[in-house]
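J.: Structure provided below as structure tokens; questions to follow.
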Amino acid sequence: MPNAHAPSALPRQLRAEAVSLTFSGVRALKSVSLSLERGRVLGLIGPNGAGKTTMVNVLSGFNTPGAGRVLLDDRPLQGLGADRFRRIGVARTFQGGRLFRDLSVQDNLEAAGVGLGMSRRDAGVEARRILHWLGLAHLASMPASALPYTDERRVGIARAVVGGPAFLLLDEPAAGMNDHEASDLRATIAQLVEHIGCGVLLIEHNVRLVLSICSHIVVMDAGEVIVQGDPDAIRGSERVRHAYMGTADGGDAALPAPTTEEACA
């Protein structure tokens, strides 16, 4: 899906360097470093309270780190707000959807385009193209408030794609989805990487989905990175099983193996 509104020279890398953040004396992030490359899918997993969403908030400009920094290529982004992050190519979704519930699906996407500086006409063209490309055109006139939960999450992704971001941060996009819907989401993420060339950060509790599509995975617990590596390394890590699966010493718990369909994809 070509995008006429994407910048001509998109950045290649979004990274955090030794990011720490404290809320009311509680350390939410502890010297977290990670790197997201264009054209790659990076997984971020961990138990509830691990700091995953806080990390996304930092990477998208919603929170400013107390220590460390976020860079777009070699450009520090310190002091830029979330709206500026979005304009320079860092888009995100939210766990709660956060659509404009009184607007139609089409108008939700148009609003994103206008916010990026497009004319209303160009924003409308962009919205229709994205909805058609993602198989959501039948929802265009539906009020966002009437969307089923899983469709709301898919529309949230469509809205984030407006403008052709260089990086797309997906916060729990598969929440509430069944296996078939999660498989469709996996195909959508692969499409985005292939056709837009964006880098995708996938934050998920659906470990099977993460293991099936991510080339590199970062595991957080208690605000810090405890392990990172490829899917095989993560699947075989006792420390990950202990933190993520809640076993006392790794025990017999195991992260899920890929299905035949996933392994062949």
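Lettering and numbering for the structure tokens are positional, with chains as A, B, ... in the shown order, residues counted from 1 in each chain, and ligands counted from 1 in the shown order.
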Residues within 10 Å of Leu29 in chain A, please, as a short mmCIF file (atom, residue, chain, number, x, y, z; two decimals) with N, CA, C and O atoms, in the first residue's frame. Count only C-alpha atoms; anything in the same chain fewer than 4 positions from it doesn't count.
T.:
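Okay, out24.cif is ready:
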data_model
loop_
_atom_site.label_atom_id
_atom_site.label_comp_id
_atom_site.auth_asym_id
_atom_site.auth_seq_id
_atom_site.Cartn_x
_atom_site.Cartn_y
_atom_site.Cartn_z
N ALA A 18 19.26 3.01 28.39
CA ALA A 18 19.33 3.06 29.85
C ALA A 18 18.23 3.94 30.45
O ALA A 18 18.48 4.77 31.31
N VAL A 19 16.98 3.71 30.00
CA VAL A 19 15.85 4.53 30.45
C VAL A 19 15.37 4.09 31.83
O VAL A 19 15.10 2.91 32.07
N SER A 20 15.25 5.05 32.72
CA SER A 20 14.67 4.81 34.04
C SER A 20 13.58 5.83 34.29
O SER A 20 13.63 6.96 33.77
N LEU A 21 12.58 5.44 35.07
CA LEU A 21 11.45 6.33 35.36
C LEU A 21 10.86 5.95 36.71
O LEU A 21 10.65 4.78 37.01
N THR A 22 10.60 6.99 37.53
CA THR A 22 10.06 6.78 38.87
C THR A 22 8.74 7.52 39.03
O THR A 22 8.63 8.68 38.61
N PHE A 23 7.74 6.86 39.59
CA PHE A 23 6.46 7.48 39.90
C PHE A 23 6.26 7.44 41.42
O PHE A 23 6.20 6.36 42.01
N ALA A 50 5.07 -5.44 34.80
CA ALA A 50 6.49 -5.52 34.44
C ALA A 50 7.05 -4.20 33.95
O ALA A 50 8.25 -3.99 33.93
N GLY A 51 6.16 -3.29 33.50
CA GLY A 51 6.62 -2.00 32.99
C GLY A 51 6.51 -1.86 31.49
O GLY A 51 7.00 -0.89 30.91
N LYS A 52 5.82 -2.80 30.84
CA LYS A 52 5.74 -2.80 29.38
C LYS A 52 5.03 -1.56 28.84
O LYS A 52 5.54 -0.88 27.94
N THR A 54 4.46 1.26 30.39
CA THR A 54 5.25 2.44 30.73
C THR A 54 6.36 2.64 29.72
O THR A 54 6.66 3.77 29.31
N MET A 55 6.97 1.54 29.28
CA MET A 55 8.03 1.64 28.27
C MET A 55 7.47 2.18 26.96
O MET A 55 8.10 3.02 26.30
N VAL A 58 7.00 5.87 27.19
CA VAL A 58 8.27 6.60 27.02
C VAL A 58 8.66 6.65 25.55
O VAL A 58 9.05 7.70 25.03
N PRO A 65 11.50 10.13 30.38
CA PRO A 65 12.31 9.37 31.33
C PRO A 65 13.05 10.27 32.32
O PRO A 65 13.47 11.37 31.97
N GLY A 66 13.21 9.77 33.54
CA GLY A 66 13.97 10.51 34.53
C GLY A 66 15.45 10.39 34.30
O GLY A 66 16.24 11.26 34.71
N ALA A 67 15.86 9.30 33.66
CA ALA A 67 17.26 9.08 33.31
C ALA A 67 17.29 8.30 32.00
O ALA A 67 16.34 7.61 31.65
N MET A 220 10.59 -8.33 30.18
CA MET A 220 10.73 -7.45 31.34
C MET A 220 10.06 -8.06 32.56
O MET A 220 9.10 -8.81 32.45
N ASP A 221 10.59 -7.71 33.71
CA ASP A 221 9.96 -8.06 34.99
C ASP A 221 10.37 -6.99 36.00
O ASP A 221 11.55 -6.60 36.05
N ALA A 222 9.41 -6.49 36.75
CA ALA A 222 9.67 -5.48 37.79
C ALA A 222 10.43 -4.28 37.25
O ALA A 222 11.31 -3.72 37.91
N GLY A 223 10.09 -3.87 36.02
CA GLY A 223 10.64 -2.64 35.48
C GLY A 223 11.98 -2.74 34.79
O GLY A 223 12.54 -1.72 34.37
N GLU A 224 12.52 -3.95 34.66
CA GLU A 224 13.82 -4.08 34.02
C GLU A 224 13.83 -5.25 33.05
O GLU A 224 13.01 -6.16 33.13
N VAL A 225 14.79 -5.21 32.12
CA VAL A 225 14.96 -6.30 31.17
C VAL A 225 15.68 -7.44 31.87
O VAL A 225 16.76 -7.25 32.45
#
J.: Can you pull out the residues contacting Thr53 in chain A? Cut-off 12 Å, using only C-alpha atoms, and skip same-chain residues under 4 positions away; I want them as a VMD selection string.
T.: chain A and resid 28 to 29 44 to 49 57 to 60 62 to 63 92 to 96 169 to 172 201 to 205 220 223
J.: Give me a file of those residues, with N, CA, C and O atoms, as a short mmCIF file (atom, residue, chain, number, x, y, z; two decimals), in the first residue's frame.
T.:
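Result went into again_2.cif, see below:
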data_model
loop_
_atom_site.label_atom_id
_atom_site.label_comp_id
_atom_site.auth_asym_id
_atom_site.auth_seq_id
_atom_site.Cartn_x
_atom_site.Cartn_y
_atom_site.Cartn_z
N ALA A 28 9.51 2.57 38.16
CA ALA A 28 8.72 1.85 37.16
C ALA A 28 9.59 1.23 36.09
O ALA A 28 9.27 0.16 35.55
N LEU A 29 10.67 1.90 35.75
CA LEU A 29 11.63 1.39 34.76
C LEU A 29 13.03 1.52 35.34
O LEU A 29 13.36 2.54 35.95
N LEU A 44 7.80 -7.54 23.11
CA LEU A 44 8.04 -7.10 24.49
C LEU A 44 7.02 -7.81 25.37
O LEU A 44 5.81 -7.54 25.27
N ILE A 45 7.48 -8.72 26.21
CA ILE A 45 6.58 -9.50 27.05
C ILE A 45 7.02 -9.42 28.50
O ILE A 45 8.10 -8.92 28.83
N GLY A 46 6.17 -9.94 29.37
CA GLY A 46 6.43 -9.95 30.80
C GLY A 46 5.13 -10.00 31.56
O GLY A 46 4.05 -9.75 31.00
N PRO A 47 5.19 -10.32 32.84
CA PRO A 47 3.96 -10.41 33.64
C PRO A 47 3.32 -9.05 33.86
O PRO A 47 3.92 -8.01 33.55
N ASN A 48 2.10 -9.03 34.37
CA ASN A 48 1.45 -7.77 34.72
C ASN A 48 2.33 -6.97 35.67
O ASN A 48 2.91 -7.52 36.61
N GLY A 49 2.42 -5.66 35.42
CA GLY A 49 3.23 -4.81 36.27
C GLY A 49 4.71 -4.81 35.93
O GLY A 49 5.51 -4.21 36.66
N ASN A 57 4.89 4.12 26.69
CA ASN A 57 4.61 5.54 26.93
C ASN A 57 5.87 6.38 26.76
O ASN A 57 5.81 7.50 26.23
N VAL A 58 7.00 5.87 27.19
CA VAL A 58 8.27 6.60 27.02
C VAL A 58 8.66 6.65 25.55
O VAL A 58 9.05 7.70 25.03
N LEU A 59 8.52 5.53 24.84
CA LEU A 59 8.92 5.46 23.45
C LEU A 59 8.02 6.28 22.53
O LEU A 59 8.39 6.56 21.39
N SER A 60 6.83 6.64 23.01
CA SER A 60 5.90 7.42 22.19
C SER A 60 5.71 8.85 22.71
O SER A 60 4.84 9.58 22.20
N PHE A 62 4.68 9.98 25.68
CA PHE A 62 3.67 10.25 26.71
C PHE A 62 4.28 10.39 28.10
O PHE A 62 3.71 11.03 28.97
N ASN A 63 5.42 9.76 28.31
CA ASN A 63 6.19 9.93 29.54
C ASN A 63 7.62 10.31 29.19
O ASN A 63 8.18 9.81 28.21
N ARG A 92 1.31 4.72 17.78
CA ARG A 92 1.02 3.68 18.76
C ARG A 92 -0.46 3.41 18.85
O ARG A 92 -1.30 4.20 18.40
N THR A 93 -0.79 2.26 19.43
CA THR A 93 -2.17 1.97 19.82
C THR A 93 -2.21 1.91 21.35
O THR A 93 -1.18 1.94 22.02
N PHE A 94 -3.43 1.82 21.88
CA PHE A 94 -3.63 1.81 23.32
C PHE A 94 -4.42 0.58 23.74
O PHE A 94 -5.24 0.06 22.97
N GLN A 95 -4.20 0.13 24.96
CA GLN A 95 -4.94 -1.03 25.46
C GLN A 95 -6.44 -0.79 25.44
O GLN A 95 -7.22 -1.70 25.14
N GLY A 96 -6.85 0.43 25.75
CA GLY A 96 -8.28 0.72 25.82
C GLY A 96 -8.89 1.23 24.53
O GLY A 96 -10.02 1.71 24.54
N LEU A 169 3.90 1.05 17.53
CA LEU A 169 3.96 0.41 18.84
C LEU A 169 2.57 -0.10 19.18
O LEU A 169 1.64 0.69 19.37
N LEU A 170 2.42 -1.41 19.28
CA LEU A 170 1.12 -2.04 19.49
C LEU A 170 1.03 -2.55 20.92
O LEU A 170 1.73 -3.50 21.30
N ASP A 171 0.15 -1.94 21.71
CA ASP A 171 0.02 -2.29 23.12
C ASP A 171 -1.17 -3.23 23.32
O ASP A 171 -2.32 -2.81 23.29
N GLU A 172 -0.88 -4.50 23.48
CA GLU A 172 -1.88 -5.56 23.70
C GLU A 172 -2.94 -5.59 22.59
O GLU A 172 -4.15 -5.60 22.87
N LEU A 201 6.75 -2.74 17.34
CA LEU A 201 6.97 -3.22 18.70
C LEU A 201 5.66 -3.83 19.18
O LEU A 201 4.64 -3.15 19.26
N LEU A 202 5.70 -5.13 19.46
CA LEU A 202 4.49 -5.87 19.83
C LEU A 202 4.54 -6.21 21.31
O LEU A 202 5.36 -7.01 21.75
N ILE A 203 3.67 -5.56 22.09
CA ILE A 203 3.55 -5.82 23.51
C ILE A 203 2.33 -6.71 23.70
O ILE A 203 1.21 -6.32 23.37
N GLU A 204 2.53 -7.91 24.23
CA GLU A 204 1.44 -8.89 24.23
C GLU A 204 1.52 -9.86 25.41
O GLU A 204 2.61 -10.23 25.84
N HIS A 205 0.34 -10.27 25.89
CA HIS A 205 0.25 -11.41 26.80
C HIS A 205 0.03 -12.71 26.03
O HIS A 205 0.17 -13.79 26.61
N MET A 220 10.59 -8.33 30.18
CA MET A 220 10.73 -7.45 31.34
C MET A 220 10.06 -8.06 32.56
O MET A 220 9.10 -8.81 32.45
N GLY A 223 10.09 -3.87 36.02
CA GLY A 223 10.64 -2.64 35.48
C GLY A 223 11.98 -2.74 34.79
O GLY A 223 12.54 -1.72 34.37
#
J.: Quick check, in Å to one decimal: how far apart do CA of Glu37 in chain A and CA of Arg235 in chain A lie?
T.: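 Distance between the two atoms: 22.3 Å.
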J.: Determine which residues of range 3-75 of chain A receive a DSSP assignment of alpha helix (DSSP H), computed from the backbone, and state them as a VMD selection string.
T.: chain A and resid 52 to 59
J.: Kindly export the residues of the current selection with N, CA and C atoms, as a PDB file, in the first residue's frame.
T.:
ATOM      1  N   LYS A  52       5.817  -2.796  30.838  1.00  0.00           N
ATOM      2  CA  LYS A  52       5.744  -2.799  29.379  1.00  0.00           C
ATOM      3  C   LYS A  52       5.030  -1.559  28.838  1.00  0.00           C
ATOM      4  N   THR A  53       3.844  -1.258  29.359  1.00  0.00           N
ATOM      5  CA  THR A  53       3.101  -0.089  28.871  1.00  0.00           C
ATOM      6  C   THR A  53       3.825   1.202  29.224  1.00  0.00           C
ATOM      7  N   THR A  54       4.457   1.260  30.387  1.00  0.00           N
ATOM      8  CA  THR A  54       5.247   2.440  30.733  1.00  0.00           C
ATOM      9  C   THR A  54       6.361   2.641  29.723  1.00  0.00           C
ATOM     10  N   MET A  55       6.970   1.541  29.282  1.00  0.00           N
ATOM     11  CA  MET A  55       8.028   1.644  28.271  1.00  0.00           C
ATOM     12  C   MET A  55       7.473   2.179  26.957  1.00  0.00           C
ATOM     13  N   VAL A  56       6.295   1.714  26.571  1.00  0.00           N
ATOM     14  CA  VAL A  56       5.662   2.233  25.364  1.00  0.00           C
ATOM     15  C   VAL A  56       5.351   3.723  25.522  1.00  0.00           C
ATOM     16  N   ASN A  57       4.895   4.121  26.689  1.00  0.00           N
ATOM     17  CA  ASN A  57       4.612   5.537  26.931  1.00  0.00           C
ATOM     18  C   ASN A  57       5.870   6.385  26.757  1.00  0.00           C
ATOM     19  N   VAL A  58       7.000   5.872  27.193  1.00  0.00           N
ATOM     20  CA  VAL A  58       8.270   6.601  27.020  1.00  0.00           C
ATOM     21  C   VAL A  58       8.658   6.651  25.549  1.00  0.00           C
ATOM     22  N   LEU A  59       8.522   5.531  24.844  1.00  0.00           N
ATOM     23  CA  LEU A  59       8.925   5.464  23.446  1.00  0.00           C
ATOM     24  C   LEU A  59       8.022   6.278  22.530  1.00  0.00           C
TER      25      LEU A  59
END
J.: With distances taken over only C-alpha atoms, which of A:Gly199, A:Pro148, A:Gly79, A:Gly68 is nearest to Ser215 in chain A?
T.: A:Gly199
J.: If we count only C-alpha atoms and set the cut-off at 8 Å, which residues sit around Gly89 in chain A, ignoring sequence neighbours fewer than 4 positions away in its own chain? Please answer as a list in words.
T.: Leu10, Pro11, Phe85, Gly164, Pro165, Ala166 and Phe167 of chain A
J.: Just the residues within 12 Å of Gly113 in chain A, please, counting only C-alpha atoms, with nothing from its chain fewer than 2 positions along; format it as number ranges by chain.
T.: A: 5-6, 86-87, 106-111, 115-128, 130, 158-165
J.: If you count only C-alpha atoms, which residues fall within 12 Å of Asn178 in chain A, apart from same-chain ones fewer than 4 positions away, as a ChimeraX atom specification?
T.: /A:149-150,173-174,182-185,206,209
J.: Pull the strand (DSSP E or B) assignments for range 31-190 of chain A out of DSSP run on the backbone, and list those residues as a VMD selection string.
T.: chain A and resid 31 to 37 41 to 45 67 to 72 75 to 76 90 to 92 104 143 167 to 171
J.: Any chance you could export the current selection's N, CA and C atoms as a PDB file, in the first residue's frame?
T.:
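Now in again33.pdb:
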ATOM      1  N   SER A  31      16.770   1.299  34.023  1.00  0.00           N
ATOM      2  CA  SER A  31      17.848   1.218  33.039  1.00  0.00           C
ATOM      3  C   SER A  31      17.507   0.269  31.884  1.00  0.00           C
ATOM      4  N   VAL A  32      16.365   0.520  31.243  1.00  0.00           N
ATOM      5  CA  VAL A  32      15.896  -0.322  30.143  1.00  0.00           C
ATOM      6  C   VAL A  32      16.488   0.171  28.828  1.00  0.00           C
ATOM      7  N   SER A  33      17.089  -0.725  28.084  1.00  0.00           N
ATOM      8  CA  SER A  33      17.596  -0.426  26.740  1.00  0.00           C
ATOM      9  C   SER A  33      16.980  -1.417  25.758  1.00  0.00           C
ATOM     10  N   LEU A  34      16.524  -0.909  24.629  1.00  0.00           N
ATOM     11  CA  LEU A  34      16.051  -1.767  23.546  1.00  0.00           C
ATOM     12  C   LEU A  34      16.133  -0.991  22.246  1.00  0.00           C
ATOM     13  N   SER A  35      16.111  -1.720  21.146  1.00  0.00           N
ATOM     14  CA  SER A  35      16.249  -1.089  19.836  1.00  0.00           C
ATOM     15  C   SER A  35      15.250  -1.700  18.868  1.00  0.00           C
ATOM     16  N   LEU A  36      14.491  -0.848  18.191  1.00  0.00           N
ATOM     17  CA  LEU A  36      13.505  -1.265  17.200  1.00  0.00           C
ATOM     18  C   LEU A  36      13.962  -0.793  15.829  1.00  0.00           C
ATOM     19  N   GLU A  37      14.127  -1.734  14.902  1.00  0.00           N
ATOM     20  CA  GLU A  37      14.597  -1.426  13.557  1.00  0.00           C
ATOM     21  C   GLU A  37      13.417  -1.402  12.587  1.00  0.00           C
ATOM     22  N   VAL A  41       9.997  -6.943  13.570  1.00  0.00           N
ATOM     23  CA  VAL A  41       8.992  -7.017  14.625  1.00  0.00           C
ATOM     24  C   VAL A  41       9.701  -7.404  15.913  1.00  0.00           C
ATOM     25  N   LEU A  42       9.659  -6.519  16.895  1.00  0.00           N
ATOM     26  CA  LEU A  42      10.292  -6.736  18.189  1.00  0.00           C
ATOM     27  C   LEU A  42       9.209  -7.031  19.216  1.00  0.00           C
ATOM     28  N   GLY A  43       9.353  -8.129  19.939  1.00  0.00           N
ATOM     29  CA  GLY A  43       8.380  -8.485  20.967  1.00  0.00           C
ATOM     30  C   GLY A  43       8.789  -7.951  22.325  1.00  0.00           C
ATOM     31  N   LEU A  44       7.803  -7.543  23.112  1.00  0.00           N
ATOM     32  CA  LEU A  44       8.041  -7.103  24.493  1.00  0.00           C
ATOM     33  C   LEU A  44       7.020  -7.806  25.369  1.00  0.00           C
ATOM     34  N   ILE A  45       7.481  -8.723  26.213  1.00  0.00           N
ATOM     35  CA  ILE A  45       6.580  -9.502  27.046  1.00  0.00           C
ATOM     36  C   ILE A  45       7.017  -9.421  28.503  1.00  0.00           C
ATOM     37  N   ALA A  67      15.862   9.296  33.665  1.00  0.00           N
ATOM     38  CA  ALA A  67      17.256   9.080  33.308  1.00  0.00           C
ATOM     39  C   ALA A  67      17.290   8.301  32.002  1.00  0.00           C
ATOM     40  N   GLY A  68      18.403   8.395  31.278  1.00  0.00           N
ATOM     41  CA  GLY A  68      18.502   7.756  29.979  1.00  0.00           C
ATOM     42  C   GLY A  68      17.856   8.615  28.905  1.00  0.00           C
ATOM     43  N   ARG A  69      17.741   8.063  27.710  1.00  0.00           N
ATOM     44  CA  ARG A  69      17.188   8.846  26.603  1.00  0.00           C
ATOM     45  C   ARG A  69      16.587   7.943  25.537  1.00  0.00           C
ATOM     46  N   VAL A  70      15.723   8.552  24.709  1.00  0.00           N
ATOM     47  CA  VAL A  70      15.131   7.908  23.547  1.00  0.00           C
ATOM     48  C   VAL A  70      15.670   8.613  22.316  1.00  0.00           C
ATOM     49  N   LEU A  71      16.056   7.828  21.313  1.00  0.00           N
ATOM     50  CA  LEU A  71      16.627   8.398  20.100  1.00  0.00           C
ATOM     51  C   LEU A  71      15.932   7.856  18.867  1.00  0.00           C
ATOM     52  N   LEU A  72      15.794   8.711  17.868  1.00  0.00           N
ATOM     53  CA  LEU A  72      15.334   8.333  16.539  1.00  0.00           C
ATOM     54  C   LEU A  72      16.551   8.442  15.638  1.00  0.00           C
ATOM     55  N   ARG A  75      19.139  11.034  16.759  1.00  0.00           N
ATOM     56  CA  ARG A  75      18.510  12.272  17.228  1.00  0.00           C
ATOM     57  C   ARG A  75      17.844  12.058  18.581  1.00  0.00           C
ATOM     58  N   PRO A  76      18.325  12.693  19.644  1.00  0.00           N
ATOM     59  CA  PRO A  76      17.646  12.578  20.939  1.00  0.00           C
ATOM     60  C   PRO A  76      16.269  13.239  20.890  1.00  0.00           C
ATOM     61  N   VAL A  90       6.486   8.079  14.846  1.00  0.00           N
ATOM     62  CA  VAL A  90       6.285   7.067  15.893  1.00  0.00           C
ATOM     63  C   VAL A  90       4.804   7.046  16.257  1.00  0.00           C
ATOM     64  N   ALA A  91       4.113   5.986  15.857  1.00  0.00           N
ATOM     65  CA  ALA A  91       2.686   5.845  16.131  1.00  0.00           C
ATOM     66  C   ALA A  91       2.467   4.710  17.115  1.00  0.00           C
ATOM     67  N   ARG A  92       1.311   4.723  17.782  1.00  0.00           N
ATOM     68  CA  ARG A  92       1.024   3.682  18.764  1.00  0.00           C
ATOM     69  C   ARG A  92      -0.465   3.408  18.854  1.00  0.00           C
ATOM     70  N   SER A 104     -17.596   8.355  13.438  1.00  0.00           N
ATOM     71  CA  SER A 104     -17.573   7.105  12.690  1.00  0.00           C
ATOM     72  C   SER A 104     -16.140   6.592  12.581  1.00  0.00           C
ATOM     73  N   PRO A 143     -20.519   4.013  13.881  1.00  0.00           N
ATOM     74  CA  PRO A 143     -19.989   4.788  15.005  1.00  0.00           C
ATOM     75  C   PRO A 143     -18.978   3.961  15.787  1.00  0.00           C
ATOM     76  N   PHE A 167       7.554   3.723  12.695  1.00  0.00           N
ATOM     77  CA  PHE A 167       7.509   2.777  13.808  1.00  0.00           C
ATOM     78  C   PHE A 167       6.099   2.719  14.371  1.00  0.00           C
ATOM     79  N   LEU A 168       5.650   1.509  14.652  1.00  0.00           N
ATOM     80  CA  LEU A 168       4.295   1.286  15.151  1.00  0.00           C
ATOM     81  C   LEU A 168       4.384   0.473  16.440  1.00  0.00           C
ATOM     82  N   LEU A 169       3.901   1.052  17.530  1.00  0.00           N
ATOM     83  CA  LEU A 169       3.959   0.413  18.841  1.00  0.00           C
ATOM     84  C   LEU A 169       2.573  -0.098  19.184  1.00  0.00           C
ATOM     85  N   LEU A 170       2.420  -1.414  19.276  1.00  0.00           N
ATOM     86  CA  LEU A 170       1.118  -2.038  19.486  1.00  0.00           C
ATOM     87  C   LEU A 170       1.028  -2.553  20.918  1.00  0.00           C
ATOM     88  N   ASP A 171       0.148  -1.939  21.712  1.00  0.00           N
ATOM     89  CA  ASP A 171       0.017  -2.286  23.121  1.00  0.00           C
ATOM     90  C   ASP A 171      -1.167  -3.226  23.317  1.00  0.00           C
TER      91      ASP A 171
END
J.: For a test of reading the model, state the distance in Å between CA of Ile213 in chain A and CA of Glu17 in chain A, rounded to one decimal.
T.: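 Between CA of Ile213 in chain A and CA of Glu17 in chain A the gap works out to 24.6 Å.
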J.: Within 10 Å of Leu139 in chain A, counting only C-alpha atoms, which residues show up once you throw out same-chain ones fewer than 4 positions away? Write them as a PyMOL selection string, please.
T.: chain A and resi 104-106+131-132+135+143-144+147+151+155
